[in-house]
Amino acid sequence: MQRKNLLIFILTIGVFGILNTEMGFIGILPDIANHFGVSVSTAGWVVSIFAIGVAISAPTMPLLFSGINRKKVMIVVLSVFVAGNIISIFTSNFTVLLIARIIPALFHPVYVSLAFSAAADSVSKEEAPKAVSKIFIGVSAGMVVGVPIVSFIASVSNLQLAMAFFAIVNVLVLIATLLFVPSMPVKEKISYGTQLKVLKKTVTWLSIIIVILLNSAVFGVYSYLADYLQTVTNIAANITSLMLFIYGAANIIGNILAGRLLTINPIKTILSLPFLLGIVYIIQFFMGYLTLAMVIIILLWGILAGISANITQYVVSSAAPEAPDFANGLFLSSANIGTTIGTAVGGLFISIMGTQYVILVGLLSVILSVVFIFLRNNMYSAK
């Protein structure tokens, strides 16, 4: 049991390091712009190009590595990230920095999908959602906690030391993997053809659509939360940072709750989420101008968003249990597509109607998700 817990802990920190490398650059974009002599919008490519790399590789790379010993795959991916981190620290050429970003991005889905699969395989089928929810703590921490940490390091020292934080985390996980992770040969190699067959199943595509819609519902609104707080709620920038931190902490609570809820009653949990999320958005639409109300809304919203992340992974992995690594790759790709669509549509509502109406992308997405969740549940109940 201790060995399993240690494995899950290493995987969680590993996912934190991977996601931190992706998202942490958001907090140091002005520093990158100054250091490399480019505009902030150009510097933003270090984030965009990473996301593009993940979206491209997510459906294919986990599939290609699915038959290789998982420990060896972990070592390869972490080594690529460490190399990319080190190059990022010492390069003075912006193009080289972009290359050092996109190559690790291509390997990002390999480690994350493998982490989900390995965590689920380390426990019984009934306890798998709880194990996966622990990995999602690393995802949430990497997306939310890493940004202020790296930003703080840059503000009190310099850009190189801030970027060294990425390398240090990944080096520590690489060492822990080498020393403490046992060899994990693939027990039963699944042919590429067998794995690709999951794309012929209607339930797989229904699950992918649900992931896209729920990610659109969450990130279509969350992407503009800072702007919403400052223009609709009218709070100061320093309070905005605190509110974003509350959202991140609530997200982690949601991850923990989701593991238990999906273990007890997955169908009810999946079906309840869009309704609860819709209620929160309706309250936010009418009470978003009140600071105290927004504190409560952000806390509840953050918890539901954490639960949503686990649900979206669960619906895809449970639809294609015969190809777990490929299914997790499909999940990552679908999640990125949903985030991109939601953010674009949310921006459209803001440009046409104003910031307050960004809530509409969340409401429309949850309404559509309910339709596809019912269709998916009917397929399972008909069996």
# chains A, B, ... in the order shown; residues from 1 in each chain; ligands from 1
call {"tool": "closest_atom_pairs", "arguments": {"of": "region 249-287 of chain A", "to": "region 197-213 of chain A", "cutoff": "12 Å", "atoms": "only C-alpha atoms", "output": "CSV"}}
result
residue,atom,partner,partner_atom,distance
A:Ile270,CA,A:Ile210,CA,10.1
A:Leu271,CA,A:Ile210,CA,11.1
A:Leu273,CA,A:Ile210,CA,11.7
A:Pro274,CA,A:Leu213,CA,10.0
call {"tool": "residues_around", "arguments": {"residues": "Asp121 (chain A)", "least_positions_apart": "6", "cutoff": "12 Å", "atoms": "only C-alpha atoms", "output": "ChimeraX atom specification"}}
result
/A:4,7-8,70,114-115,127-132,184,186-187,321,324-325
call {"tool": "write_last_selection", "arguments": {"atoms": "N, CA, C and O atoms", "output": "compact mmCIF listing (two decimals), in the first residue's frame"}}
result
# COMPACT_ATOMS: atom_id res chain seq x y z
N LYS A 4 2.28 1.90 -3.41
CA LYS A 4 1.28 2.48 -4.31
C LYS A 4 1.08 3.96 -4.03
O LYS A 4 0.98 4.79 -4.95
N LEU A 7 4.01 5.86 -5.40
CA LEU A 7 3.91 5.98 -6.85
C LEU A 7 2.94 7.10 -7.23
O LEU A 7 3.28 7.96 -8.07
N ILE A 8 1.77 7.12 -6.60
CA ILE A 8 0.78 8.15 -6.91
C ILE A 8 1.30 9.53 -6.54
O ILE A 8 1.09 10.51 -7.27
N ARG A 70 6.31 1.66 -18.79
CA ARG A 70 5.89 3.00 -18.35
C ARG A 70 6.99 3.77 -17.62
O ARG A 70 7.08 4.99 -17.73
N LEU A 114 -0.34 8.86 -19.16
CA LEU A 114 0.28 7.72 -18.49
C LEU A 114 0.05 7.80 -16.97
O LEU A 114 -0.22 6.79 -16.32
N ALA A 115 0.15 9.02 -16.42
CA ALA A 115 -0.07 9.20 -14.98
C ALA A 115 -1.48 8.80 -14.59
O ALA A 115 -1.68 8.11 -13.57
N GLU A 127 -11.72 1.79 -6.78
CA GLU A 127 -10.96 2.89 -6.16
C GLU A 127 -10.25 3.76 -7.19
O GLU A 127 -9.64 4.77 -6.82
N ALA A 128 -10.32 3.41 -8.48
CA ALA A 128 -9.60 4.14 -9.53
C ALA A 128 -9.94 5.63 -9.58
O ALA A 128 -9.02 6.46 -9.70
N PRO A 129 -11.23 6.03 -9.48
CA PRO A 129 -11.52 7.47 -9.52
C PRO A 129 -10.81 8.26 -8.42
O PRO A 129 -10.40 9.40 -8.64
N LYS A 130 -10.68 7.65 -7.22
CA LYS A 130 -9.97 8.33 -6.13
C LYS A 130 -8.50 8.53 -6.47
O LYS A 130 -7.92 9.59 -6.21
N ALA A 131 -7.87 7.49 -7.04
CA ALA A 131 -6.46 7.57 -7.41
C ALA A 131 -6.25 8.63 -8.48
O ALA A 131 -5.31 9.44 -8.41
N VAL A 132 -7.13 8.66 -9.48
CA VAL A 132 -7.03 9.65 -10.56
C VAL A 132 -7.26 11.05 -10.03
O VAL A 132 -6.61 12.01 -10.47
N MET A 184 7.61 -0.87 -14.85
CA MET A 184 6.19 -1.10 -15.13
C MET A 184 6.00 -1.51 -16.58
O MET A 184 5.51 -0.73 -17.41
N VAL A 186 4.34 -3.09 -19.80
CA VAL A 186 2.93 -3.18 -20.20
C VAL A 186 2.53 -4.66 -20.19
O VAL A 186 3.15 -5.49 -20.87
N LYS A 187 1.55 -5.01 -19.37
CA LYS A 187 1.16 -6.41 -19.18
C LYS A 187 0.61 -7.02 -20.47
O LYS A 187 0.88 -8.15 -20.81
N PRO A 321 -12.36 1.70 -22.02
CA PRO A 321 -11.46 1.06 -21.05
C PRO A 321 -10.45 0.12 -21.70
O PRO A 321 -9.42 -0.20 -21.11
N PRO A 324 -6.74 2.54 -22.51
CA PRO A 324 -6.67 3.61 -21.51
C PRO A 324 -5.76 4.77 -21.88
O PRO A 324 -6.13 5.94 -21.68
N ASP A 325 -4.56 4.50 -22.40
CA ASP A 325 -3.63 5.58 -22.73
C ASP A 325 -4.16 6.43 -23.88
O ASP A 325 -4.08 7.66 -23.86
call {"tool": "closest_residue", "arguments": {"among": "A:Ala323, A:Leu257, A:Val173, A:Ala51", "to": "Gly67 (chain A)", "atoms": "only C-alpha atoms"}}
result
A:Ala323
call {"tool": "closest_atom_pairs", "arguments": {"of": "region 189-246 of chain A", "to": "region 287-298 of chain A", "cutoff": "10 Å", "atoms": "only C-alpha atoms", "output": "Markdown table"}}
result
| residue | atom | partner | partner_atom | distance |
| --- | --- | --- | --- | --- |
| A:Tyr222 | CA | A:Ile298 | CA | 9.9 |
| A:Leu225 | CA | A:Ile298 | CA | 9.6 |
| A:Tyr228 | CA | A:Gly288 | CA | 8.6 |
| A:Leu229 | CA | A:Gly288 | CA | 8.2 |
| A:Gln230 | CA | A:Tyr289 | CA | 9.8 |
| A:Thr231 | CA | A:Tyr289 | CA | 9.0 |
| A:Val232 | CA | A:Tyr289 | CA | 5.5 |
| A:Thr233 | CA | A:Tyr289 | CA | 4.1 |
| A:Asn234 | CA | A:Tyr289 | CA | 7.3 |
| A:Ile235 | CA | A:Thr291 | CA | 7.5 |
| A:Leu242 | CA | A:Val295 | CA | 9.9 |
| A:Met243 | CA | A:Val295 | CA | 7.0 |
| A:Leu244 | CA | A:Ile298 | CA | 8.3 |
| A:Phe245 | CA | A:Ile298 | CA | 9.9 |
| A:Ile246 | CA | A:Ile298 | CA | 7.2 |
call {"tool": "residues_around", "arguments": {"residues": "Ser151 (chain A)", "least_positions_apart": "3", "cutoff": "10 Å", "atoms": "only C-alpha atoms", "output": "ChimeraX atom specification"}}
result
/A:24-31,146-148,154-156,158-159,162-163
call {"tool": "write_last_selection", "arguments": {"atoms": "C-alpha atoms", "output": "compact mmCIF listing (two decimals), in the first residue's frame"}}
result
# COMPACT_ATOMS: atom_id res chain seq x y z
CA GLY A 24 3.96 29.01 -15.15
CA PHE A 25 5.17 31.17 -18.04
CA ILE A 26 1.92 33.17 -17.77
CA GLY A 27 3.26 34.81 -14.61
CA ILE A 28 6.55 35.92 -16.20
CA LEU A 29 5.44 37.13 -19.67
CA PRO A 30 6.46 40.79 -18.99
CA ASP A 31 9.89 39.59 -17.81
CA GLY A 146 2.80 27.56 -10.15
CA VAL A 147 1.90 30.92 -11.73
CA PRO A 148 2.15 33.07 -8.53
CA ALA A 154 11.02 36.67 -10.81
CA SER A 155 10.00 39.75 -8.82
CA VAL A 156 12.48 39.18 -5.98
CA ASN A 158 15.49 37.43 -11.87
CA LEU A 159 13.94 35.63 -14.83
CA ALA A 162 12.26 31.86 -11.93
CA MET A 163 12.67 29.51 -14.90
call {"tool": "closest_residue", "arguments": {"among": "A:Gly84, A:Gly254, A:Gly248, A:Gly53", "to": "Ala105 (chain A)", "atoms": "only C-alpha atoms"}}
result
A:Gly53
call {"tool": "closest_residue", "arguments": {"among": "A:Val46, A:Ala118, A:Val280, A:Val112", "to": "Val96 (chain A)", "atoms": "only C-alpha atoms"}}
result
A:Val46
call {"tool": "atom_distance", "arguments": {"atom1": "CA of Gln195 (chain A)", "atom2": "CA of Ser317 (chain A)"}}
result
12.2 Å
call {"tool": "decode", "arguments": {"residues": "region 151-167 of chain A", "atoms": "all heavy atoms", "output": "compact mmCIF listing (two decimals), in the first residue's frame"}}
result
# COMPACT_ATOMS: atom_id res chain seq x y z
N SER A 151 6.05 33.90 -10.61
CA SER A 151 5.98 35.36 -10.68
C SER A 151 6.68 36.01 -9.50
O SER A 151 7.41 37.00 -9.64
CB SER A 151 4.50 35.80 -10.72
OG SER A 151 4.40 37.19 -10.80
N PHE A 152 6.50 35.42 -8.31
CA PHE A 152 7.14 35.94 -7.10
C PHE A 152 8.66 35.80 -7.18
O PHE A 152 9.40 36.74 -6.86
CB PHE A 152 6.62 35.19 -5.86
CG PHE A 152 7.32 35.56 -4.59
CD1 PHE A 152 7.06 36.76 -3.95
CD2 PHE A 152 8.27 34.70 -4.03
CE1 PHE A 152 7.72 37.11 -2.78
CE2 PHE A 152 8.93 35.03 -2.87
CZ PHE A 152 8.65 36.24 -2.23
N ILE A 153 9.14 34.64 -7.63
CA ILE A 153 10.60 34.43 -7.75
C ILE A 153 11.20 35.44 -8.70
O ILE A 153 12.25 36.03 -8.43
CB ILE A 153 10.91 32.99 -8.23
CG1 ILE A 153 10.47 31.96 -7.18
CG2 ILE A 153 12.40 32.83 -8.53
CD1 ILE A 153 10.54 30.52 -7.66
N ALA A 154 10.51 35.69 -9.83
CA ALA A 154 11.02 36.67 -10.81
C ALA A 154 11.06 38.07 -10.22
O ALA A 154 11.98 38.84 -10.51
CB ALA A 154 10.14 36.64 -12.06
N SER A 155 10.07 38.40 -9.39
CA SER A 155 10.00 39.75 -8.82
C SER A 155 11.06 40.01 -7.77
O SER A 155 11.52 41.14 -7.62
CB SER A 155 8.61 40.00 -8.22
OG SER A 155 8.40 39.19 -7.08
N VAL A 156 11.48 38.98 -7.04
CA VAL A 156 12.48 39.18 -5.98
C VAL A 156 13.90 38.82 -6.43
O VAL A 156 14.86 39.14 -5.73
CB VAL A 156 12.13 38.36 -4.72
CG1 VAL A 156 10.80 38.82 -4.13
CG2 VAL A 156 12.10 36.86 -5.00
N SER A 157 14.03 38.16 -7.60
CA SER A 157 15.38 37.81 -8.08
C SER A 157 15.50 38.16 -9.56
O SER A 157 15.65 39.32 -9.91
CB SER A 157 15.67 36.33 -7.83
OG SER A 157 14.68 35.51 -8.45
N ASN A 158 15.41 37.16 -10.43
CA ASN A 158 15.49 37.43 -11.87
C ASN A 158 14.77 36.34 -12.66
O ASN A 158 14.35 35.33 -12.09
CB ASN A 158 16.95 37.57 -12.32
CG ASN A 158 17.78 36.34 -11.97
OD1 ASN A 158 17.40 35.20 -12.28
ND2 ASN A 158 18.91 36.55 -11.31
N LEU A 159 14.67 36.55 -13.96
CA LEU A 159 13.94 35.63 -14.83
C LEU A 159 14.57 34.25 -14.84
O LEU A 159 13.87 33.23 -14.81
CB LEU A 159 13.90 36.20 -16.26
CG LEU A 159 13.23 35.33 -17.33
CD1 LEU A 159 11.76 35.13 -17.02
CD2 LEU A 159 13.42 35.93 -18.71
N GLN A 160 15.90 34.19 -14.89
CA GLN A 160 16.60 32.89 -14.97
C GLN A 160 16.30 32.03 -13.75
O GLN A 160 16.07 30.83 -13.87
CB GLN A 160 18.11 33.10 -15.10
CG GLN A 160 18.59 33.48 -16.49
CD GLN A 160 18.20 34.91 -16.87
OE1 GLN A 160 18.02 35.75 -15.99
NE2 GLN A 160 18.09 35.18 -18.16
N LEU A 161 16.30 32.65 -12.57
CA LEU A 161 16.02 31.89 -11.35
C LEU A 161 14.56 31.41 -11.33
O LEU A 161 14.28 30.30 -10.86
CB LEU A 161 16.31 32.75 -10.12
CG LEU A 161 16.54 31.97 -8.80
CD1 LEU A 161 17.69 30.99 -8.94
CD2 LEU A 161 16.80 32.94 -7.66
N ALA A 162 13.67 32.26 -11.85
CA ALA A 162 12.26 31.86 -11.93
C ALA A 162 12.09 30.64 -12.83
O ALA A 162 11.39 29.68 -12.48
CB ALA A 162 11.42 33.02 -12.46
N MET A 163 12.76 30.65 -13.99
CA MET A 163 12.67 29.51 -14.90
C MET A 163 13.40 28.29 -14.35
O MET A 163 13.07 27.16 -14.71
CB MET A 163 13.20 29.90 -16.28
CG MET A 163 12.27 30.86 -17.02
SD MET A 163 12.57 30.98 -18.80
CE MET A 163 14.11 31.89 -18.82
N ALA A 164 14.37 28.52 -13.48
CA ALA A 164 15.08 27.40 -12.84
C ALA A 164 14.14 26.59 -11.96
O ALA A 164 14.36 25.40 -11.74
CB ALA A 164 16.25 27.92 -12.02
N PHE A 165 13.07 27.24 -11.47
CA PHE A 165 12.08 26.54 -10.64
C PHE A 165 11.46 25.38 -11.40
O PHE A 165 11.26 24.29 -10.85
CB PHE A 165 11.00 27.52 -10.17
CG PHE A 165 9.89 26.88 -9.37
CD1 PHE A 165 10.13 26.40 -8.09
CD2 PHE A 165 8.62 26.75 -9.90
CE1 PHE A 165 9.12 25.80 -7.35
CE2 PHE A 165 7.59 26.15 -9.17
CZ PHE A 165 7.84 25.68 -7.89
N PHE A 166 11.16 25.61 -12.71
CA PHE A 166 10.61 24.53 -13.54
C PHE A 166 11.58 23.35 -13.58
O PHE A 166 11.19 22.20 -13.43
CB PHE A 166 10.36 25.02 -14.97
CG PHE A 166 9.49 26.24 -15.09
CD1 PHE A 166 9.88 27.31 -15.88
CD2 PHE A 166 8.29 26.33 -14.41
CE1 PHE A 166 9.08 28.44 -16.01
CE2 PHE A 166 7.48 27.45 -14.53
CZ PHE A 166 7.88 28.51 -15.32
N ALA A 167 12.85 23.68 -13.84
CA ALA A 167 13.87 22.64 -13.98
C ALA A 167 14.06 21.86 -12.68
O ALA A 167 14.16 20.62 -12.69
CB ALA A 167 15.20 23.26 -14.41
